[in-house]
Structure formats: C-alpha cells, structure tokens
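Everything below concerns the one structure shown next.
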Amino acid sequence: MSEFQLTTPVAFIIFNRPDTTERVFAEIARARPPKLLIVGDGPRTSREGEAAKVAATRAIINRVDWPCEVLTNFSEVNLGCKVRVSSGLDWVFEQVPEAIILEDDCLPHPTFFRFCQELLERYRNDDRFALVCGTSLSKSQPTTDGYYFSRYPHIWGWASWRRVWKKYDVQMTELDSLIANTNFKESFQNKNEYMHWVKCFLSTRDGKIDTWDAQVLYMTFTHALLSIYPAANLISNIGFGEDATHTTSNNSSVANLKTYSFNIPTIHPKFIFPNHQAELDRKIIELIGINYFKKFVHRILQKLRVA
C-alpha cells in the first residue's frame with residue numbers, strides 16, 4: 001500500500017454512533033483522501049441523549065490531520081434514513097464527479113480504497129456499470145479474476161460516478177410500470193424472487209420502510225446496470241445491534257465478516273457477464289427467491305451455528 005496514493009474523494013455518512021464511526025474514520029485517515037465529504041442527520045427529539053451522541057460523532061471529524069479539504073452537510077433536524085442519505089448523496093455528487101462512499105458501520109480493509117479507485121478509473125465512461133461494491137457475500141471465491149459482475153448492487157462500502165447518480169430516483173416514480181412490465185418479471189429466476197423485490201419496492205415507495213438503498217436496486221434494474229465486486233470481501237459491517245437502524249440482529253451471518261486484501265496487480269475479467277454463482281450465494285444468505293423448505297433448513301442451520 002505504501003506506493004498507492006488515494007486521489008478519489010471519500011464521502012462518509014454518519015449519525016449517532018461514535019464508537020463505529022471512530023473505527024471507520026481511522027481507516028479513512030489511514031487512506032488520507034484529499035477531499036472528505038461528511039453527511040450527517042440530526043438527532044431525534046424523541047430519543048433522550050441522542051443530541052449528545054450526534055455531537056460526539058460529528059466531533060470525530062475534527063481529527064483530520066492530513067492535507068484534506070473537509071466539506072460537511074449536516075442537518076440540524078432529523079430527516080430519517082431515506083431523505084437524509086439520498087439528499088446527502090445528491091449533495092456529494094454535486095460537489096464531485098465520483099466518490100467512494102462509506103457509512104459509519106462499514107469498516108473497510110485498507111485495500112478497499114485502491115480497489116474502488118482503480119475500477120472507478122477503468123469504467124468511468126462505461127455506461128453499463130452502476131457501482132463498485134466492496135462487500136462480497138459469496139461463501140467461496142467466485143472467480144479467479146480480481147473481481148466479478150452482478151446485476152445486484154450492495155451498499156456496504158461502495159463507489160460510483162455522478163453520471164450514475166443522475167439516474168437515481170428516490171421516489172421510484174415509474175414503479176407501477178416496472179412491476180407490470182413482462183420483461184422485468186421474466187428477468188428473475190422464479191416468481192418468488194420477483195415478488196420479493198416487488199414487495200420491497202412497494203413498501204419503500206409507500207413509506208412502510210424508511211430507506212434509500214432499495215432505490216439503488218430499482219435504478220440498476222430499470223437501467224439494466226451491472227455492479228462490480230471484489231473476488232474477496234473488503235468490507236465488514238460492524239454495526240449490527242439494537243442501536244442500528246436496520247441491521248438489528250446480533251446473530252446475522254453477515255455481521256462482522258472477515259475481510260481480505262485486494263490483490264495487485266489486478267486480473268481483469270475478459271468477459272462481462274453476471275456471476276450467477278455469486279448471485280446465488282447471496283440469494284441463499286439473504287433468503288431471496290428460494291422456496292420455503294430451503295428457508296426452513298437455512299434458519300435451522302443458523303440457529304445451530306448460534307448455539
């Protein structure tokens with residue numbers, strides 16, 4: 001890593017967890033980005049003591065001690081996950097043409113930054129791609145190349161371009177037309193998977209789920225975009241627990257994943273196709289589109305692992 005120089009801006013999304021924020025910030029500081037953009041939500045008035053946690057979290061950014069332009073986008077009122085993150089990323093891509101994005105619970109391997117920067121440069125003008133993703137949920141190494149492709153994005157540590165974010169639609173305004181589209185329905189392996197995403201999208205659009213990331217998947221589906229993944233996992237989500245917004249289960253099989261080094265020099269794939277084995281691994285882990293018997297067996301195995 002000593003010869004690598006990070007030149008890509010880093011966006012850091014924070015809120016009310018100084019403990020995880022401090023750990024992720026330490027890795028950002030190690031990478032020494034020349035520009036750091038901080039997005040933060042305001043405290044909820046209904047949560048006693050949250051204002052102090054938000055203040056303590058924001059204070060961590062004052063520890064920047066390398067040559068770096070620091071830009072902040074803090075809300076003094078609580079906007080919620082959907083509005084705060086989406087509006088914050090709108091602001092990020094107004095400031096810079098491309099960025100590496102980390103949330104306060106996504107702990108990167110040091111080589112994550114190099115992986116993102118190299119692939120951002122390589123595919124900068126290739127309209128087939130949406131995201132460079134740091135988290136690989138594949139149980140075994142899915143390729144002998146340095147990275148692989150998938151139609152399913154993942155936002156635990158990622159990078160992208162302004163040209164892609166222009167396609168992002170937080171309201172999913174064409175959702176009804178998408179659901180009714182025969183080609184969209186037939187693009188899935190089975191009806192269960194199709195219905196999983198339909199329910200997810202409808203719940204998000206109708207306000208039953210307060211999130212911004214379902215809209216990223218909606219974007220990649222509607223524009224037929226691929227995402228890029230490292231052959232080995234580069235991100236560990238350290239935020240699982242009761243104080244998390246969505247990842248509240250301490251027993252999740254994807255919590256605190258082991259990370260690995262991104263190998264240099266990079267072996268680039270000769271062909272651009274989605275890696276179906278890696279996609280299947282992820283579907284099984286996240287219980288997407290698999291039958292009820294497989295879900296039952298998977299849950300039993302999870303309980304045995306926990307015990």
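In the structure tokens, chains take letters A, B, ... by order of appearance, with residues numbered from 1 within each chain and ligands from 1 in the order shown.
By chain and then residue number, the residues within 9 Å of Ala232 in chain A are Gly134, Thr135, Ser136, Leu137, Ser138, Ser140, Gln141, Pro142, Gly146, Tyr147, Tyr229, Thr259, Tyr260, Ser261 and Phe262 of chain A, counting only C-alpha atoms and disregarding those fewer than 3 positions away in sequence.
Those residues that approach Ala29 in chain A to within 8 Å, counting only C-alpha atoms, are Phe25, Pro33, Val64 and Trp66 of chain A; same-chain residues fewer than 4 positions away are not listed.
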Okay, now the selection with N, CA and C atoms, as a tab-separated table (two decimals), in the first residue's frame?
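Output below, filename out.tsv:
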```tsv
chain	number	residue	atom	x	y	z
A	25	PHE	N	-13.56	5.90	10.67
A	25	PHE	CA	-12.76	7.11	10.42
A	25	PHE	C	-11.27	6.80	10.47
A	33	PRO	N	-7.57	10.58	2.12
A	33	PRO	CA	-8.17	11.16	0.92
A	33	PRO	C	-7.92	12.67	0.87
A	64	VAL	N	-9.14	15.20	11.60
A	64	VAL	CA	-8.42	15.18	10.32
A	64	VAL	C	-7.09	15.89	10.50
A	66	TRP	N	-4.33	15.39	8.11
A	66	TRP	CA	-3.55	15.28	6.88
A	66	TRP	C	-4.07	16.33	5.90
```
When DSSP is applied to the backbone of this structure, which of range 50-182 of chain A are assigned helix (DSSP H, G or I)? Write them out as a PyMOL selection string. chain A and resi 50-63+81-95+112-122+162-165+175-180+182
Keeping N, CA and C atoms, export the residues of the selection given above as a compact mmCIF listing (two decimals), in the first residue's frame.
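As written to disk, result.txt reads:
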```
# COMPACT_ATOMS: atom_id res chain seq x y z
N GLU A 50 -29.78 11.55 22.49
CA GLU A 50 -29.28 11.36 21.14
C GLU A 50 -28.53 12.59 20.62
N ALA A 51 -28.94 13.78 21.06
CA ALA A 51 -28.25 15.00 20.61
C ALA A 51 -26.78 14.95 21.01
N ALA A 52 -26.50 14.44 22.21
CA ALA A 52 -25.12 14.34 22.67
C ALA A 52 -24.34 13.32 21.84
N LYS A 53 -24.98 12.23 21.47
CA LYS A 53 -24.32 11.21 20.65
C LYS A 53 -24.02 11.75 19.25
N VAL A 54 -24.97 12.50 18.70
CA VAL A 54 -24.75 13.10 17.38
C VAL A 54 -23.58 14.07 17.43
N ALA A 55 -23.53 14.88 18.48
CA ALA A 55 -22.44 15.85 18.62
C ALA A 55 -21.09 15.15 18.78
N ALA A 56 -21.07 14.08 19.58
CA ALA A 56 -19.82 13.34 19.78
C ALA A 56 -19.36 12.68 18.49
N THR A 57 -20.31 12.21 17.70
CA THR A 57 -19.97 11.57 16.42
C THR A 57 -19.39 12.60 15.45
N ARG A 58 -20.02 13.75 15.36
CA ARG A 58 -19.52 14.80 14.46
C ARG A 58 -18.15 15.31 14.87
N ALA A 59 -17.88 15.30 16.16
CA ALA A 59 -16.60 15.82 16.66
C ALA A 59 -15.42 14.97 16.20
N ILE A 60 -15.68 13.72 15.88
CA ILE A 60 -14.60 12.83 15.42
C ILE A 60 -13.96 13.38 14.15
N ILE A 61 -14.73 14.06 13.33
CA ILE A 61 -14.23 14.58 12.05
C ILE A 61 -13.17 15.66 12.28
N ASN A 62 -13.19 16.28 13.46
CA ASN A 62 -12.20 17.31 13.77
C ASN A 62 -10.79 16.75 13.89
N ARG A 63 -10.67 15.42 13.85
CA ARG A 63 -9.36 14.80 13.99
C ARG A 63 -8.60 14.69 12.66
N CYS A 81 -33.67 8.08 7.50
CA CYS A 81 -32.70 7.40 6.64
C CYS A 81 -32.91 7.72 5.16
N LYS A 82 -34.14 7.60 4.69
CA LYS A 82 -34.43 7.78 3.27
C LYS A 82 -34.04 9.18 2.78
N VAL A 83 -34.55 10.20 3.46
CA VAL A 83 -34.34 11.57 2.99
C VAL A 83 -32.92 12.04 3.25
N ARG A 84 -32.37 11.70 4.45
CA ARG A 84 -31.06 12.22 4.78
C ARG A 84 -29.97 11.64 3.89
N VAL A 85 -29.97 10.32 3.69
CA VAL A 85 -28.91 9.72 2.89
C VAL A 85 -29.07 10.10 1.42
N SER A 86 -30.27 10.03 0.90
CA SER A 86 -30.46 10.36 -0.53
C SER A 86 -30.13 11.82 -0.82
N SER A 87 -30.58 12.73 0.04
CA SER A 87 -30.26 14.15 -0.18
C SER A 87 -28.78 14.41 0.04
N GLY A 88 -28.19 13.68 0.99
CA GLY A 88 -26.76 13.83 1.23
C GLY A 88 -25.93 13.38 0.05
N LEU A 89 -26.34 12.29 -0.58
CA LEU A 89 -25.61 11.81 -1.76
C LEU A 89 -25.86 12.71 -2.96
N ASP A 90 -27.06 13.30 -3.05
CA ASP A 90 -27.28 14.32 -4.08
C ASP A 90 -26.22 15.42 -3.94
N TRP A 91 -26.03 15.87 -2.71
CA TRP A 91 -25.05 16.92 -2.44
C TRP A 91 -23.63 16.46 -2.77
N VAL A 92 -23.28 15.23 -2.40
CA VAL A 92 -21.94 14.70 -2.67
C VAL A 92 -21.64 14.78 -4.17
N PHE A 93 -22.58 14.29 -4.99
CA PHE A 93 -22.31 14.22 -6.43
C PHE A 93 -22.52 15.57 -7.12
N GLU A 94 -23.04 16.55 -6.41
CA GLU A 94 -22.99 17.93 -6.90
C GLU A 94 -21.59 18.49 -6.72
N GLN A 95 -20.89 18.05 -5.69
CA GLN A 95 -19.55 18.56 -5.38
C GLN A 95 -18.46 17.88 -6.20
N PHE A 112 -9.44 -1.60 0.17
CA PHE A 112 -10.74 -1.23 -0.41
C PHE A 112 -10.62 0.04 -1.24
N PHE A 113 -9.88 1.02 -0.74
CA PHE A 113 -9.77 2.31 -1.42
C PHE A 113 -9.06 2.16 -2.76
N ARG A 114 -8.05 1.34 -2.79
CA ARG A 114 -7.33 1.11 -4.05
C ARG A 114 -8.23 0.40 -5.06
N PHE A 115 -8.96 -0.60 -4.59
CA PHE A 115 -9.88 -1.32 -5.45
C PHE A 115 -10.88 -0.35 -6.08
N CYS A 116 -11.51 0.47 -5.25
CA CYS A 116 -12.51 1.42 -5.76
C CYS A 116 -11.90 2.40 -6.76
N GLN A 117 -10.76 2.97 -6.40
CA GLN A 117 -10.16 3.96 -7.29
C GLN A 117 -9.79 3.38 -8.64
N GLU A 118 -9.20 2.19 -8.63
CA GLU A 118 -8.80 1.57 -9.90
C GLU A 118 -10.00 1.27 -10.79
N LEU A 119 -11.07 0.76 -10.19
CA LEU A 119 -12.23 0.39 -11.01
C LEU A 119 -13.06 1.62 -11.40
N LEU A 120 -13.08 2.64 -10.57
CA LEU A 120 -13.72 3.90 -10.96
C LEU A 120 -13.04 4.48 -12.21
N GLU A 121 -11.72 4.41 -12.22
CA GLU A 121 -10.98 4.93 -13.37
C GLU A 121 -11.21 4.06 -14.61
N ARG A 122 -11.18 2.75 -14.45
CA ARG A 122 -11.28 1.85 -15.59
C ARG A 122 -12.65 1.93 -16.28
N ARG A 162 -21.03 10.47 -10.81
CA ARG A 162 -22.15 11.40 -10.95
C ARG A 162 -23.08 10.98 -12.08
N ARG A 163 -22.51 10.47 -13.17
CA ARG A 163 -23.33 10.06 -14.32
C ARG A 163 -24.34 8.99 -13.92
N VAL A 164 -24.00 8.15 -12.95
CA VAL A 164 -24.92 7.12 -12.47
C VAL A 164 -25.94 7.73 -11.51
N TRP A 165 -25.48 8.55 -10.59
CA TRP A 165 -26.40 9.10 -9.58
C TRP A 165 -27.48 9.96 -10.20
N LEU A 175 -42.44 2.97 -10.80
CA LEU A 175 -42.52 1.63 -10.21
C LEU A 175 -43.71 0.82 -10.72
N ASP A 176 -44.86 1.42 -10.80
CA ASP A 176 -46.04 0.68 -11.25
C ASP A 176 -45.85 0.13 -12.66
N SER A 177 -45.25 0.94 -13.52
CA SER A 177 -44.99 0.49 -14.90
C SER A 177 -43.95 -0.61 -14.91
N LEU A 178 -42.95 -0.51 -14.04
CA LEU A 178 -41.92 -1.54 -13.97
C LEU A 178 -42.52 -2.87 -13.54
N ILE A 179 -43.34 -2.86 -12.50
CA ILE A 179 -43.94 -4.09 -11.99
C ILE A 179 -44.79 -4.77 -13.05
N ALA A 180 -45.46 -3.97 -13.87
CA ALA A 180 -46.35 -4.52 -14.90
C ALA A 180 -45.61 -4.98 -16.14
N THR A 182 -43.58 -7.16 -18.54
CA THR A 182 -43.35 -8.60 -18.67
C THR A 182 -41.86 -8.93 -18.68
```
Report as a PyMOL selection string all protein, DNA and RNA residues lying within 8 Å of Tyr152 in chain A, evaluated on only C-alpha atoms, omitting residues in the same chain fewer than 4 positions from it. chain A and resi 217+220+226-227+279
Min atom-atom distance to Ala130 in chain A from the set A:Tyr218, A:Pro230, A:Thr45, A:Glu193, counting only C-alpha atoms, belongs to A:Tyr218
Could you name the residues that touch Val216 in chain A at 9 Å or less, counting only C-alpha atoms, but leaving out those on the same chain fewer than 4 positions away, as JSON, numbers by chain? {"A": [153, 154, 155, 168, 169, 170, 212, 220, 221]}
Preceding selection exported with N, CA and C atoms as a short mmCIF file (atom, residue, chain, number, x, y, z; two decimals), in the first residue's frame:
```cif
data_model
loop_
_atom_site.label_atom_id
_atom_site.label_comp_id
_atom_site.auth_asym_id
_atom_site.auth_seq_id
_atom_site.Cartn_x
_atom_site.Cartn_y
_atom_site.Cartn_z
N PRO A 153 -26.68 -4.66 -6.83
CA PRO A 153 -25.72 -3.82 -6.13
C PRO A 153 -25.74 -4.08 -4.62
N HIS A 154 -24.72 -3.62 -3.94
CA HIS A 154 -24.65 -3.72 -2.48
C HIS A 154 -23.97 -2.46 -1.96
N ILE A 155 -24.54 -1.86 -0.90
CA ILE A 155 -24.09 -0.52 -0.50
C ILE A 155 -23.34 -0.50 0.83
N TYR A 168 -30.65 8.10 -10.32
CA TYR A 168 -31.28 7.72 -9.05
C TYR A 168 -32.60 8.45 -8.85
N ASP A 169 -33.63 7.71 -8.49
CA ASP A 169 -34.97 8.28 -8.29
C ASP A 169 -35.48 7.81 -6.93
N VAL A 170 -35.35 8.65 -5.91
CA VAL A 170 -35.70 8.24 -4.56
C VAL A 170 -37.19 7.91 -4.42
N TRP A 212 -33.14 4.22 1.65
CA TRP A 212 -32.71 4.83 0.40
C TRP A 212 -32.09 3.82 -0.56
N THR A 220 -30.77 0.21 -10.82
CA THR A 220 -29.99 -0.73 -11.63
C THR A 220 -30.89 -1.65 -12.44
N PHE A 221 -32.05 -2.00 -11.90
CA PHE A 221 -33.00 -2.81 -12.66
C PHE A 221 -33.57 -2.04 -13.84
#
```
Which residues, written as a list of chain:residue names, have at least one atom at most 9 Å from Thr72 in chain A, with only C-alpha atoms counted and residues fewer than 3 positions away on the same chain left out? A:Leu36, A:Leu37, A:Ile38, A:Val39, A:Gly40
How far is it from CA of Trp158 in chain A to CA of Asp127 in chain A, in Å with one decimal? 17.1 Å
Enumerate the residues of range 61-266 of chain A with a DSSP assignment of strand (DSSP E), computed from the backbone, and present them as a ChimeraX atom specification. /A:69-74,98-103,106-108,129-133,147-150,158-161,226-230,235-237
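When only C-alpha atoms are used to measure the gap to Arg23 in chain A, the shortest distance among A:Ala255, A:Leu202, A:Ile228, A:Leu102 belongs to A:Leu102.
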